[in-house]
>>> print(open('upload-v4.tsv').read())   # TSV, C-alpha atoms and all ligand atoms
chain	number	residue	atom	x	y	z
A	81	MET	CA	5.33	91.99	-16.39
A	82	GLN	CA	6.14	89.42	-13.72
A	83	LYS	CA	4.89	85.95	-14.59
A	84	ILE	CA	2.08	84.35	-12.62
A	85	SER	CA	3.45	81.43	-10.58
A	86	VAL	CA	1.46	78.20	-10.56
A	87	LEU	CA	2.62	75.67	-7.99
A	88	CYS	CA	1.75	72.26	-9.46
A	89	VAL	CA	1.47	69.39	-6.99
A	90	VAL	CA	2.07	65.68	-7.53
A	91	GLY	CA	2.26	62.95	-4.93
A	92	ALA	CA	1.21	59.52	-6.09
A	93	ARG	CA	1.61	57.43	-9.22
A	94	PRO	CA	-1.66	58.38	-10.99
A	95	ASN	CA	-0.81	62.08	-10.59
A	96	PHE	CA	2.25	61.84	-12.81
A	97	MET	CA	0.48	61.14	-16.11
A	98	LYS	CA	-1.95	63.97	-15.31
A	99	ILE	CA	0.64	66.63	-14.48
A	100	ALA	CA	2.98	65.83	-17.40
A	101	PRO	CA	0.76	67.24	-20.19
A	102	ILE	CA	-0.12	70.25	-18.03
A	103	MET	CA	3.55	71.11	-17.47
A	104	HIS	CA	4.23	70.71	-21.19
A	105	ALA	CA	1.19	72.77	-22.21
A	106	MET	CA	2.13	75.55	-19.81
A	107	ARG	CA	5.49	75.89	-21.50
A	108	ALA	CA	3.97	75.74	-25.00
A	109	HIS	CA	0.75	77.73	-24.65
A	110	ALA	CA	0.83	79.96	-21.57
A	111	THR	CA	3.70	82.40	-21.75
A	112	GLN	CA	2.44	84.42	-18.78
A	113	LEU	CA	2.51	81.44	-16.43
A	114	GLU	CA	5.49	80.03	-14.60
A	115	ALA	CA	5.10	76.43	-13.44
A	116	ILE	CA	6.78	75.26	-10.23
A	117	LEU	CA	6.64	71.51	-9.63
A	118	LEU	CA	6.31	70.09	-6.13
A	119	HIS	CA	6.36	66.38	-5.27
A	120	THR	CA	5.04	65.50	-1.83
A	121	GLY	CA	6.89	62.17	-1.78
A	122	GLN	CA	3.72	60.13	-1.11
A	123	HIS	CA	5.04	57.63	-3.66
A	124	TYR	CA	8.80	57.30	-3.61
A	125	ASP	CA	9.89	53.83	-4.89
A	126	ALA	CA	11.67	53.89	-8.24
A	127	ALA	CA	8.89	51.69	-9.66
A	128	MET	CA	6.22	54.05	-8.30
A	129	LYS	CA	7.90	57.32	-9.22
A	130	ASP	CA	11.27	57.67	-11.00
A	131	SER	CA	10.49	55.72	-14.16
A	132	PHE	CA	7.30	57.79	-14.60
A	133	PHE	CA	9.18	61.08	-14.38
A	134	LYS	CA	11.68	59.86	-16.94
A	135	GLN	CA	9.22	58.33	-19.40
A	136	LEU	CA	6.74	61.19	-19.19
A	137	ASN	CA	9.55	63.71	-19.49
A	138	ILE	CA	8.50	65.51	-16.32
A	139	PRO	CA	11.20	67.86	-15.05
A	140	GLU	CA	12.75	67.02	-11.69
A	141	PRO	CA	10.54	68.57	-9.00
A	142	ASP	CA	11.64	72.03	-7.88
A	143	ILE	CA	10.57	71.02	-4.38
A	144	ASP	CA	10.37	67.52	-2.86
A	145	LEU	CA	8.66	67.24	0.51
A	146	GLY	CA	9.89	63.65	1.00
A	147	VAL	CA	6.89	62.69	3.09
A	148	GLY	CA	6.62	58.93	2.38
A	149	SER	CA	4.05	56.46	3.70
A	150	GLY	CA	1.96	56.50	6.86
A	151	SER	CA	-1.61	56.35	8.10
A	152	HIS	CA	-3.99	58.76	6.38
A	153	ALA	CA	-3.83	61.21	9.27
A	154	LYS	CA	-0.05	61.05	9.52
A	155	GLN	CA	0.56	61.30	5.78
A	156	THR	CA	-1.94	64.14	5.30
A	157	ALA	CA	-0.73	66.05	8.36
A	158	GLU	CA	2.93	65.67	7.40
A	159	ILE	CA	2.25	66.97	3.88
A	160	MET	CA	0.32	69.93	5.32
A	161	LEU	CA	3.07	70.88	7.76
A	162	ARG	CA	5.82	70.73	5.15
A	163	PHE	CA	3.70	72.36	2.43
A	164	GLU	CA	2.87	75.32	4.66
A	165	GLU	CA	6.58	76.17	4.87
A	166	VAL	CA	6.81	76.04	1.08
A	167	ILE	CA	3.89	78.42	0.75
A	168	GLU	CA	5.49	80.80	3.24
A	169	ASP	CA	8.77	80.79	1.34
A	170	ASN	CA	7.42	80.88	-2.23
A	171	HIS	CA	4.11	82.79	-2.16
A	172	PRO	CA	2.76	81.19	-5.36
A	173	ASP	CA	-0.11	82.96	-7.15
A	174	CYS	CA	-2.06	79.72	-7.43
A	175	VAL	CA	-1.83	76.03	-6.44
A	176	LEU	CA	-2.85	73.44	-9.02
A	177	VAL	CA	-3.78	69.94	-7.82
A	178	VAL	CA	-4.83	66.86	-9.80
A	179	GLY	CA	-6.88	63.78	-8.97
A	180	ASP	CA	-7.95	62.59	-5.55
A	181	VAL	CA	-5.01	61.31	-3.51
A	182	ASN	CA	-4.03	62.43	-0.02
A	183	SER	CA	-1.48	64.86	-1.48
A	184	THR	CA	-4.33	66.57	-3.40
A	185	ILE	CA	-6.48	67.48	-0.39
A	186	ALA	CA	-3.54	68.13	1.97
A	187	THR	CA	-1.96	70.79	-0.25
A	188	ALA	CA	-5.29	72.29	-1.36
A	189	LEU	CA	-6.32	72.80	2.27
A	190	VAL	CA	-3.08	74.56	3.20
A	191	ALA	CA	-3.25	76.80	0.12
A	192	ILE	CA	-6.83	77.98	0.57
A	193	LYS	CA	-6.23	78.81	4.23
A	194	ARG	CA	-3.39	81.02	3.06
A	195	ASP	CA	-5.80	82.69	0.65
A	196	ILE	CA	-4.11	81.20	-2.41
A	197	PRO	CA	-6.57	80.07	-5.09
A	198	VAL	CA	-6.73	76.33	-5.68
A	199	VAL	CA	-7.27	74.85	-9.13
A	200	HIS	CA	-8.51	71.25	-9.33
A	201	VAL	CA	-7.95	69.18	-12.44
A	202	GLU	CA	-10.27	66.13	-12.67
A	203	ALA	CA	-12.94	67.73	-10.51
A	204	GLY	CA	-16.46	66.49	-9.83
A	205	LEU	CA	-16.01	62.72	-10.06
A	206	ARG	CA	-18.15	60.94	-7.47
A	207	SER	CA	-18.48	57.25	-6.61
A	208	ARG	CA	-20.97	58.10	-3.82
A	209	ASP	CA	-19.05	55.66	-1.67
A	210	ARG	CA	-17.78	57.55	1.34
A	211	THR	CA	-15.77	54.59	2.58
A	212	MET	CA	-13.32	55.33	-0.26
A	213	PRO	CA	-10.63	57.72	0.96
A	214	GLU	CA	-10.49	59.22	-2.52
A	215	GLU	CA	-14.18	60.18	-2.41
A	216	ILE	CA	-13.56	62.28	0.70
A	217	ASN	CA	-10.48	63.82	-0.92
A	218	ARG	CA	-12.45	64.70	-4.07
A	219	MET	CA	-15.45	66.25	-2.35
A	220	LEU	CA	-13.37	68.39	-0.03
A	221	THR	CA	-10.92	69.51	-2.69
A	222	ASP	CA	-13.77	70.57	-4.97
A	223	GLN	CA	-15.42	72.59	-2.20
A	224	ILE	CA	-12.29	74.69	-1.67
A	225	SER	CA	-11.26	75.07	-5.31
A	226	SER	CA	-11.74	78.31	-7.22
A	227	ARG	CA	-11.43	76.81	-10.71
A	228	LEU	CA	-12.55	73.26	-11.49
A	229	TYR	CA	-11.70	71.36	-14.68
A	230	THR	CA	-13.83	68.32	-15.48
A	231	THR	CA	-13.30	65.23	-17.62
A	232	GLU	CA	-16.92	64.25	-18.27
A	233	HIS	CA	-20.34	65.93	-18.22
A	234	GLU	CA	-21.70	64.16	-15.15
A	235	ALA	CA	-18.92	65.74	-13.08
A	236	GLU	CA	-20.43	69.17	-13.67
A	237	THR	CA	-23.87	67.94	-12.60
A	238	ASN	CA	-22.32	66.55	-9.40
A	239	LEU	CA	-20.55	69.81	-8.62
A	240	ILE	CA	-23.61	71.95	-9.20
A	241	SER	CA	-25.71	69.67	-6.99
A	242	GLU	CA	-23.13	70.25	-4.23
A	243	GLY	CA	-23.60	74.00	-4.50
A	244	ILE	CA	-20.57	74.86	-6.60
A	245	CYS	CA	-21.14	77.82	-8.88
A	246	ALA	CA	-21.30	76.85	-12.58
A	247	SER	CA	-19.06	79.77	-13.53
A	248	LYS	CA	-16.12	78.08	-11.75
A	249	ILE	CA	-16.45	74.85	-13.76
A	250	VAL	CA	-14.81	74.22	-17.12
A	251	PHE	CA	-15.30	71.02	-19.13
A	252	ALA	CA	-11.78	70.47	-20.42
A	253	GLY	CA	-11.45	66.74	-21.15
A	254	ASN	CA	-9.09	64.13	-19.80
A	255	VAL	CA	-5.41	64.96	-19.29
A	256	MET	CA	-4.60	61.33	-18.52
A	257	ILE	CA	-5.69	60.50	-22.07
A	258	ASP	CA	-3.46	63.33	-23.37
A	259	SER	CA	-0.55	61.35	-21.92
A	260	LEU	CA	-1.83	58.07	-23.31
A	261	GLN	CA	-2.18	59.45	-26.83
A	262	ARG	CA	1.22	61.07	-26.72
A	263	HIS	CA	3.03	57.94	-25.52
A	264	ILE	CA	1.16	54.98	-26.98
A	265	LYS	CA	3.83	54.83	-29.70
A	266	ASN	CA	6.34	54.01	-26.94
A	267	ALA	CA	4.27	51.15	-25.48
A	268	VAL	CA	6.40	48.13	-24.60
A	269	HIS	CA	5.26	44.76	-25.97
A	270	TYR	CA	4.09	42.42	-23.21
A	271	HIS	CA	6.58	39.71	-24.24
A	272	GLU	CA	9.37	42.09	-23.36
A	273	THR	CA	7.81	42.96	-20.00
A	274	LEU	CA	7.31	39.31	-19.12
A	275	ALA	CA	10.89	38.47	-20.16
A	276	PHE	CA	12.12	41.31	-17.92
A	277	ASN	CA	10.22	39.61	-15.09
A	278	GLN	CA	11.96	36.27	-15.83
A	279	TYR	CA	9.05	34.67	-17.69
A	280	ASP	CA	10.18	33.28	-21.04
A	281	ASP	CA	6.95	31.43	-21.77
A	282	ALA	CA	4.66	34.33	-22.68
A	283	PRO	CA	1.06	33.26	-23.39
A	284	ASP	CA	-0.59	34.08	-26.74
A	285	GLU	CA	-3.34	36.02	-25.03
A	286	TYR	CA	-4.01	37.15	-21.47
A	287	ALA	CA	-6.16	39.11	-19.06
A	288	LEU	CA	-4.44	41.93	-17.20
A	289	VAL	CA	-5.30	42.33	-13.51
A	290	THR	CA	-4.54	45.26	-11.17
A	291	LEU	CA	-5.70	45.47	-7.56
A	292	HIS	CA	-4.80	48.02	-4.93
A	293	ARG	CA	-7.93	49.57	-3.38
A	294	PRO	CA	-7.96	49.24	0.41
A	295	ALA	CA	-11.52	47.82	0.23
A	296	ASN	CA	-10.21	44.96	-1.93
A	297	VAL	CA	-6.74	44.29	-0.59
A	298	ASP	CA	-6.76	45.30	3.10
A	299	ASP	CA	-9.55	42.88	4.05
A	300	VAL	CA	-8.38	39.27	4.17
A	301	HIS	CA	-11.77	37.83	3.18
A	302	VAL	CA	-12.18	40.04	0.15
A	303	LEU	CA	-8.59	39.55	-0.98
A	304	ARG	CA	-8.74	35.78	-0.50
A	305	GLY	CA	-12.01	35.67	-2.48
A	306	LEU	CA	-10.54	37.71	-5.32
A	307	ILE	CA	-7.41	35.55	-5.50
A	308	LYS	CA	-9.61	32.45	-5.59
A	309	THR	CA	-11.60	33.98	-8.45
A	310	LEU	CA	-8.39	34.77	-10.32
A	311	LYS	CA	-7.32	31.13	-9.98
A	312	ILE	CA	-10.58	30.01	-11.56
A	313	ILE	CA	-10.35	32.53	-14.40
A	314	ALA	CA	-6.72	31.61	-15.04
A	315	LYS	CA	-7.92	28.17	-16.12
A	316	LYS	CA	-9.62	29.87	-19.07
A	317	THR	CA	-7.27	32.80	-19.76
A	318	PRO	CA	-3.73	33.37	-18.51
A	319	ILE	CA	-3.53	36.29	-16.09
A	320	ILE	CA	-0.76	38.88	-15.87
A	321	PHE	CA	-0.82	40.61	-12.50
A	322	PRO	CA	1.46	43.59	-11.74
A	323	VAL	CA	1.36	43.68	-7.95
A	324	HIS	CA	1.06	47.08	-6.23
A	325	PRO	CA	3.21	47.50	-3.06
A	326	ARG	CA	0.11	47.71	-0.84
A	327	THR	CA	-1.23	44.48	-2.34
A	328	ARG	CA	2.12	42.71	-2.09
A	329	ALA	CA	2.42	43.63	1.58
A	330	ASN	CA	-1.06	42.26	2.27
A	331	LEU	CA	-0.55	39.08	0.26
A	332	GLU	CA	2.47	38.43	2.48
A	333	LYS	CA	0.63	39.39	5.66
A	334	PHE	CA	-2.32	37.11	4.89
A	335	LYS	CA	-0.04	34.33	3.58
A	336	LEU	CA	-1.68	34.37	0.16
A	337	GLU	CA	1.39	34.84	-2.06
A	338	THR	CA	1.90	31.13	-2.69
A	339	VAL	CA	-1.63	30.95	-4.11
A	340	LEU	CA	-0.35	33.12	-6.93
A	341	ASN	CA	2.30	30.57	-7.89
A	342	LYS	CA	-0.09	28.79	-10.17
A	343	LYS	CA	0.24	27.84	-13.77
A	344	ASN	CA	-1.25	30.59	-15.94
A	345	ILE	CA	-0.84	33.35	-13.32
A	346	PHE	CA	2.08	35.71	-13.88
A	347	PRO	CA	2.63	37.99	-10.87
A	348	ILE	CA	5.08	40.76	-11.80
A	349	GLU	CA	6.55	43.93	-10.32
A	350	PRO	CA	4.62	47.24	-10.65
A	351	LEU	CA	5.04	48.46	-14.22
A	352	GLY	CA	6.50	51.60	-15.65
A	353	TYR	CA	4.18	53.71	-17.79
A	354	PHE	CA	5.26	52.41	-21.21
A	355	SER	CA	5.06	48.78	-20.09
A	356	MET	CA	1.63	49.37	-18.59
A	357	LEU	CA	0.41	50.97	-21.83
A	358	GLY	CA	1.60	47.91	-23.77
A	359	MET	CA	0.05	45.52	-21.24
A	360	MET	CA	-3.35	47.25	-21.46
A	361	ARG	CA	-3.30	47.68	-25.24
A	362	ASP	CA	-2.51	44.02	-25.92
A	363	ALA	CA	-4.75	42.46	-23.25
A	364	LYS	CA	-7.83	40.47	-24.24
A	365	PHE	CA	-9.51	42.22	-21.33
A	366	VAL	CA	-8.58	43.94	-18.07
A	367	MET	CA	-9.85	43.42	-14.54
A	368	THR	CA	-9.10	46.31	-12.19
A	369	ASP	CA	-10.10	48.40	-9.22
A	370	SER	CA	-8.14	51.43	-10.46
A	371	GLY	CA	-9.90	54.59	-11.64
A	372	GLY	CA	-7.26	55.53	-14.19
A	373	VAL	CA	-7.20	52.07	-15.77
A	374	GLN	CA	-10.97	52.26	-16.36
A	375	GLU	CA	-10.33	55.40	-18.39
A	376	GLU	CA	-7.25	54.14	-20.20
A	377	THR	CA	-8.96	50.92	-21.31
A	378	THR	CA	-11.88	52.98	-22.64
A	379	ALA	CA	-9.43	55.10	-24.63
A	380	LEU	CA	-7.71	51.94	-25.95
A	381	GLY	CA	-10.98	50.15	-26.78
A	382	VAL	CA	-10.11	47.20	-24.52
A	383	PRO	CA	-12.92	45.62	-22.42
A	384	CYS	CA	-12.58	46.37	-18.71
A	385	LEU	CA	-14.25	44.68	-15.74
A	386	THR	CA	-14.19	46.89	-12.68
A	387	LEU	CA	-13.83	44.93	-9.46
A	388	ARG	CA	-15.80	47.44	-7.39
A	389	GLU	CA	-19.47	48.13	-6.71
A	390	ASN	CA	-19.37	51.60	-8.24
A	391	THR	CA	-17.37	53.96	-10.38
A	392	GLU	CA	-16.78	57.69	-10.15
A	393	ARG	CA	-16.15	57.64	-13.91
A	394	PRO	CA	-19.58	56.68	-15.36
A	395	VAL	CA	-18.73	57.74	-18.89
A	396	THR	CA	-16.43	54.71	-19.10
A	397	VAL	CA	-19.55	52.55	-18.65
A	398	THR	CA	-22.09	54.51	-20.71
A	399	GLU	CA	-19.76	55.24	-23.62
A	400	GLY	CA	-16.60	53.26	-23.04
A	401	THR	CA	-15.60	49.65	-22.51
A	402	ASN	CA	-16.15	49.39	-18.77
A	403	THR	CA	-18.52	47.05	-16.88
A	404	ILE	CA	-18.92	47.23	-13.11
A	405	VAL	CA	-18.84	43.69	-11.72
A	406	GLY	CA	-18.04	44.01	-8.00
A	407	VAL	CA	-16.10	41.27	-6.19
A	408	GLU	CA	-18.50	38.30	-6.25
A	409	GLN	CA	-16.92	35.31	-7.93
A	410	LYS	CA	-20.04	34.29	-9.87
A	411	VAL	CA	-20.66	37.73	-11.33
A	412	ILE	CA	-17.02	38.13	-12.36
A	413	GLU	CA	-16.92	34.67	-13.92
A	414	GLU	CA	-20.07	35.36	-15.93
A	415	ALA	CA	-18.70	38.65	-17.21
A	416	VAL	CA	-15.45	36.95	-18.21
A	417	ASN	CA	-17.34	34.19	-20.03
A	418	GLU	CA	-19.32	36.82	-21.89
A	419	ILE	CA	-16.11	38.51	-23.03
A	420	LEU	CA	-14.59	35.20	-24.08
A	421	VAL	CA	-17.66	34.45	-26.20
A	422	SER	CA	-18.48	37.87	-27.63
A	423	GLY	CA	-15.20	39.78	-27.39
A	424	GLY	CA	-16.68	42.32	-24.94
A	425	LYS	CA	-17.49	46.01	-25.17
A	426	ARG	CA	-15.51	48.12	-27.63
A	427	GLY	CA	-17.12	51.46	-26.80
A	428	ASN	CA	-16.54	54.96	-28.13
A	429	MET	CA	-14.11	57.68	-27.19
A	430	PRO	CA	-15.81	60.14	-24.78
A	431	GLU	CA	-16.02	63.80	-25.74
A	432	PHE	CA	-12.79	65.81	-25.37
A	433	TRP	CA	-10.67	62.74	-24.68
A	434	ASP	CA	-8.74	63.95	-27.66
A	435	GLY	CA	-5.22	64.75	-26.51
A	436	GLN	CA	-6.01	68.48	-26.15
A	437	ALA	CA	-7.29	68.66	-22.56
A	438	ALA	CA	-4.11	70.16	-21.08
A	439	ARG	CA	-4.00	72.85	-23.74
A	440	ARG	CA	-7.62	73.77	-23.00
A	441	ILE	CA	-6.85	73.89	-19.28
A	442	VAL	CA	-3.77	76.10	-19.46
A	443	GLU	CA	-5.34	78.51	-21.94
A	444	ASP	CA	-8.34	78.96	-19.66
A	445	LEU	CA	-6.15	79.09	-16.56
A	446	GLU	CA	-3.93	81.79	-17.96
A	447	ALA	CA	-6.89	83.97	-18.95
A	448	TRP	CA	-8.53	83.42	-15.56
A	449	LEU	CA	-5.38	84.18	-13.55
A	450	LEU	CA	-4.69	87.30	-15.61
A	451	GLY	CA	-8.23	88.40	-14.81
A	452	LEU	CA	-7.64	87.83	-11.09
A	453	ARG	CA	-4.43	89.84	-11.21
A	454	LYS	CA	-6.16	92.70	-12.99
A	455	ASN	CA	-8.97	92.76	-10.43
A	456	LYS	CA	-6.44	92.92	-7.57
A	457	SER	CA	-4.45	95.83	-9.02
B	1	LIG	C1	-2.60	55.90	-3.36
B	1	LIG	C2	-3.89	56.71	-3.48
B	1	LIG	C3	-4.83	56.03	-4.46
B	1	LIG	C4	-4.16	55.74	-5.78
B	1	LIG	C5	-2.91	54.93	-5.50
B	1	LIG	C6	-2.14	54.56	-6.74
B	1	LIG	C7	-4.60	57.91	-1.47
B	1	LIG	C8	-5.60	57.94	-0.40
B	1	LIG	N1	-4.59	56.80	-2.21
B	1	LIG	O1	-2.93	54.64	-2.76
B	1	LIG	O2	-5.94	56.88	-4.70
B	1	LIG	O3	-5.04	55.04	-6.61
B	1	LIG	O4	-2.06	55.72	-4.64
B	1	LIG	O5	-1.02	53.78	-6.41
B	1	LIG	O6	-3.88	58.85	-1.65
B	1	LIG	N2	4.36	52.02	-0.90
B	1	LIG	C9	5.58	51.60	-1.35
B	1	LIG	N3	6.26	52.43	-2.20
B	1	LIG	C10	5.77	53.62	-2.61
B	1	LIG	C11	4.54	54.03	-2.12
B	1	LIG	C12	3.83	53.22	-1.28
B	1	LIG	O7	6.05	50.54	-1.02
B	1	LIG	O8	6.45	54.31	-3.38
B	1	LIG	C13	3.59	51.13	-0.02
B	1	LIG	C14	3.69	51.48	1.43
B	1	LIG	O9	3.70	50.30	2.16
B	1	LIG	C15	2.41	52.23	1.70
B	1	LIG	C16	1.45	51.55	0.75
B	1	LIG	O10	2.23	51.21	-0.39
B	1	LIG	O11	2.03	52.15	3.02
B	1	LIG	C17	0.29	52.40	0.33
B	1	LIG	O12	0.75	53.65	-0.20
B	1	LIG	P1	-0.19	54.96	-0.11
B	1	LIG	O13	0.44	56.10	-0.82
B	1	LIG	O14	-0.57	55.19	1.32
B	1	LIG	O15	-1.52	54.54	-0.81
B	1	LIG	P2	-1.81	53.71	-2.14
B	1	LIG	O16	-2.46	52.44	-1.76
B	1	LIG	O17	-0.61	53.64	-3.03
>>> encode(input="upload-v4.tsv", output="structure tokens")
Amino acid sequence: MQKISVLCVVGARPNFMKIAPIMHAMRAHATQLEAILLHTGQHYDAAMKDSFFKQLNIPEPDIDLGVGSGSHAKQTAEIMLRFEEVIEDNHPDCVLVVGDVNSTIATALVAIKRDIPVVHVEAGLRSRDRTMPEEINRMLTDQISSRLYTTEHEAETNLISEGICASKIVFAGNVMIDSLQRHIKNAVHYHETLAFNQYDDAPDEYALVTLHRPANVDDVHVLRGLIKTLKIIAKKTPIIFPVHPRTRANLEKFKLETVLNKKNIFPIEPLGYFSMLGMMRDAKFVMTDSGGVQEETTALGVPCLTLRENTERPVTVTEGTNTIVGVEQKVIEEAVNEILVSGGKRGNMPEFWDGQAARRIVEDLEAWLLGLRKNKS
């Protein structure tokens, strides 16, 4: 019998650690499925892409759309145009998308209009903040998906409240944590990462900071305020700060880079996956606006302060190590002081964040796709 082809899409950095375990599980557990990997090219720098493919042992993409950066409309439209040609040439049986980046919605939209079922991994997360581009991407992708795999229980409640039929939803767990558990043994010690970035004077302990959300880094007032807050916190705890390309560009644009050249602040290049795992694992605490880092710190038992007003991943707060602190200096400082005194939240591992999420997904997917094929014939 001819295998069922599943076109798996990646585009941006956080997609890579989600697709890797799915590709591996398809090979190991779903003999009737044939995975085809497509990279849209949304992220293309070696630091944003190549090292992840290598470390996560993701095969070279079968198809690379080479789209690159641009405004949301341009990037999304370009992906759609190029992806439509791929669909015409390849006729996959199903398109599998992960997460909430522009590549996710762009490819899902093309597929469904060609009557190809869309499968969404990490469905149902909601921040309820429609100014976040990812929130729009999530809601729309979920509406046009035929099978939706969730990472936490609240996601299912969100989907049902938006009219999505419960029979399409499967609670599978967190594939990003599959990757973390598989690779934590390869984590690079932070001394090594700092030495690679020409810092020989590694501190004994540190806070890790990541910032890249448009709401935090595209607005000069917010970014200046956050950098000021980091300077204050650095007086108490050294800060290691891998700088995302978007953030670096804005620090230059707003002439804020020199502010980072302070004692106790270590700005470094974006990290590869193994270095990032080591940085998170060994940090005293983490301050971030990333969604994935909120989950990874929960899985590692490291306190996390989220520099946003909301989270689409509430289980990291109710069960994990996450605290939502926003961007006000006073609130952040108080939360940091609390961690320095008490050690901060240690949390518990959420249900099904057990390294088996990808296996659960591909086993269900194979059975579901076989059912679809049978119904068609
Ligand atoms: C994207 C995702 C975001 C995710 C983040 C992780 C959307 C809407 N946003 O945001 O959800 O958390 O990825 O990084 O899809 N750039 C480079 N090299 C690269 C890629 C980008 O220098 O390889 C620079 C470009 O100047 C580009 C900017 O970074 O304009 C932003 O890239 P983009 O993909 O548009 O969005 P991110 O901010 O990375």
>>> closest_residue(input="upload-v4.tsv", among="A:Glu443, A:Glu202, A:Asp298, A:Asp173", to="Gly371 in chain A", atoms="only C-alpha atoms")
A:Glu202
>>> residues_around(input="upload-v4.tsv", residues="range 151-155 of chain A", least_positions_apart="5", cutoff="9 Å", atoms="all atoms listed in the file", output="PyMOL selection string")
chain A and resi 122+160+182-183+186+213
>>> residues_around(input="upload-v4.tsv", residues="Gly372 in chain A", least_positions_apart="6", cutoff="12 Å", atoms="all atoms listed in the file", output="count of residues only")
29
>>> closest_residue(input="upload-v4.tsv", among="A:Ile264, A:Ile307, A:Ala363, A:Ile185", to="Leu336 in chain A", atoms="all atoms listed in the file")
A:Ile307
>>> residues_near_ligand(input="upload-v4.tsv", ligand="ligand LIG 1 (chain B)", cutoff="6 Å", atoms="only C-alpha atoms and all ligand atoms", output="ChimeraX atom specification")
/A:92-94,122-125,128,149-150,181-182,213-214,292,325-326
>>> axis_aligned_box(input="upload-v4.tsv", around="range 152-160 of chain A", padding_each_side="5 Å", output="AutoDock Vina command-line options")
--center_x -0.5 --center_y 64.3 --center_z 6.7 --size_x 16.9 --size_y 21.2 --size_z 15.6
>>> closest_residue(input="upload-v4.tsv", among="A:Ala108, A:Val416, A:Val175, A:Leu351", to="Lys129 in chain A", atoms="only C-alpha atoms")
A:Leu351
>>> atom_distance(input="upload-v4.tsv", atom1="CA of Leu205 in chain A", atom2="CA of Leu239 in chain A")
8.5 Å
>>> atom_distance(input="upload-v4.tsv", atom1="CA of Thr401 in chain A", atom2="CA of Lys342 in chain A")
28.8 Å
>>> build_atoms(input="upload-v4.tsv", residues="range 286-297 of chain A", atoms="N, CA, C and O atoms", output="PDB file, in the coordinates of the input")
ATOM      1  N   TYR A 286      -3.984  37.067 -22.930  1.00  0.00           N
ATOM      2  CA  TYR A 286      -4.010  37.150 -21.470  1.00  0.00           C
ATOM      3  C   TYR A 286      -5.037  38.189 -21.021  1.00  0.00           C
ATOM      4  O   TYR A 286      -5.426  39.071 -21.786  1.00  0.00           O
ATOM      5  N   ALA A 287      -5.402  38.047 -19.742  1.00  0.00           N
ATOM      6  CA  ALA A 287      -6.160  39.110 -19.060  1.00  0.00           C
ATOM      7  C   ALA A 287      -5.175  39.819 -18.140  1.00  0.00           C
ATOM      8  O   ALA A 287      -4.355  39.170 -17.489  1.00  0.00           O
ATOM      9  N   LEU A 288      -5.279  41.141 -18.101  1.00  0.00           N
ATOM     10  CA  LEU A 288      -4.440  41.930 -17.200  1.00  0.00           C
ATOM     11  C   LEU A 288      -5.248  42.236 -15.938  1.00  0.00           C
ATOM     12  O   LEU A 288      -6.418  42.608 -16.030  1.00  0.00           O
ATOM     13  N   VAL A 289      -4.612  42.055 -14.770  1.00  0.00           N
ATOM     14  CA  VAL A 289      -5.300  42.330 -13.510  1.00  0.00           C
ATOM     15  C   VAL A 289      -4.507  43.348 -12.698  1.00  0.00           C
ATOM     16  O   VAL A 289      -3.288  43.218 -12.567  1.00  0.00           O
ATOM     17  N   THR A 290      -5.187  44.384 -12.160  1.00  0.00           N
ATOM     18  CA  THR A 290      -4.540  45.260 -11.170  1.00  0.00           C
ATOM     19  C   THR A 290      -5.489  45.411  -9.989  1.00  0.00           C
ATOM     20  O   THR A 290      -6.706  45.539 -10.162  1.00  0.00           O
ATOM     21  N   LEU A 291      -4.921  45.370  -8.806  1.00  0.00           N
ATOM     22  CA  LEU A 291      -5.700  45.470  -7.560  1.00  0.00           C
ATOM     23  C   LEU A 291      -4.908  46.285  -6.557  1.00  0.00           C
ATOM     24  O   LEU A 291      -3.760  45.951  -6.291  1.00  0.00           O
ATOM     25  N   HIS A 292      -5.514  47.330  -6.009  1.00  0.00           N
ATOM     26  CA  HIS A 292      -4.800  48.020  -4.930  1.00  0.00           C
ATOM     27  C   HIS A 292      -5.712  48.777  -3.974  1.00  0.00           C
ATOM     28  O   HIS A 292      -5.251  49.310  -2.974  1.00  0.00           O
ATOM     29  N   ARG A 293      -7.031  48.808  -4.260  1.00  0.00           N
ATOM     30  CA  ARG A 293      -7.930  49.570  -3.380  1.00  0.00           C
ATOM     31  C   ARG A 293      -7.953  48.943  -1.999  1.00  0.00           C
ATOM     32  O   ARG A 293      -8.131  47.719  -1.884  1.00  0.00           O
ATOM     33  N   PRO A 294      -7.874  49.775  -0.949  1.00  0.00           N
ATOM     34  CA  PRO A 294      -7.960  49.240   0.410  1.00  0.00           C
ATOM     35  C   PRO A 294      -9.160  48.301   0.602  1.00  0.00           C
ATOM     36  O   PRO A 294      -9.032  47.247   1.223  1.00  0.00           O
ATOM     37  N   ALA A 295     -10.321  48.658   0.033  1.00  0.00           N
ATOM     38  CA  ALA A 295     -11.520  47.820   0.230  1.00  0.00           C
ATOM     39  C   ALA A 295     -11.304  46.407  -0.325  1.00  0.00           C
ATOM     40  O   ALA A 295     -11.902  45.445   0.153  1.00  0.00           O
ATOM     41  N   ASN A 296     -10.449  46.277  -1.331  1.00  0.00           N
ATOM     42  CA  ASN A 296     -10.210  44.960  -1.930  1.00  0.00           C
ATOM     43  C   ASN A 296      -8.997  44.246  -1.350  1.00  0.00           C
ATOM     44  O   ASN A 296      -8.975  43.014  -1.307  1.00  0.00           O
ATOM     45  N   VAL A 297      -7.985  44.985  -0.951  1.00  0.00           N
ATOM     46  CA  VAL A 297      -6.740  44.290  -0.590  1.00  0.00           C
ATOM     47  C   VAL A 297      -6.397  44.357   0.895  1.00  0.00           C
ATOM     48  O   VAL A 297      -5.519  43.625   1.347  1.00  0.00           O
TER      49      VAL A 297
END
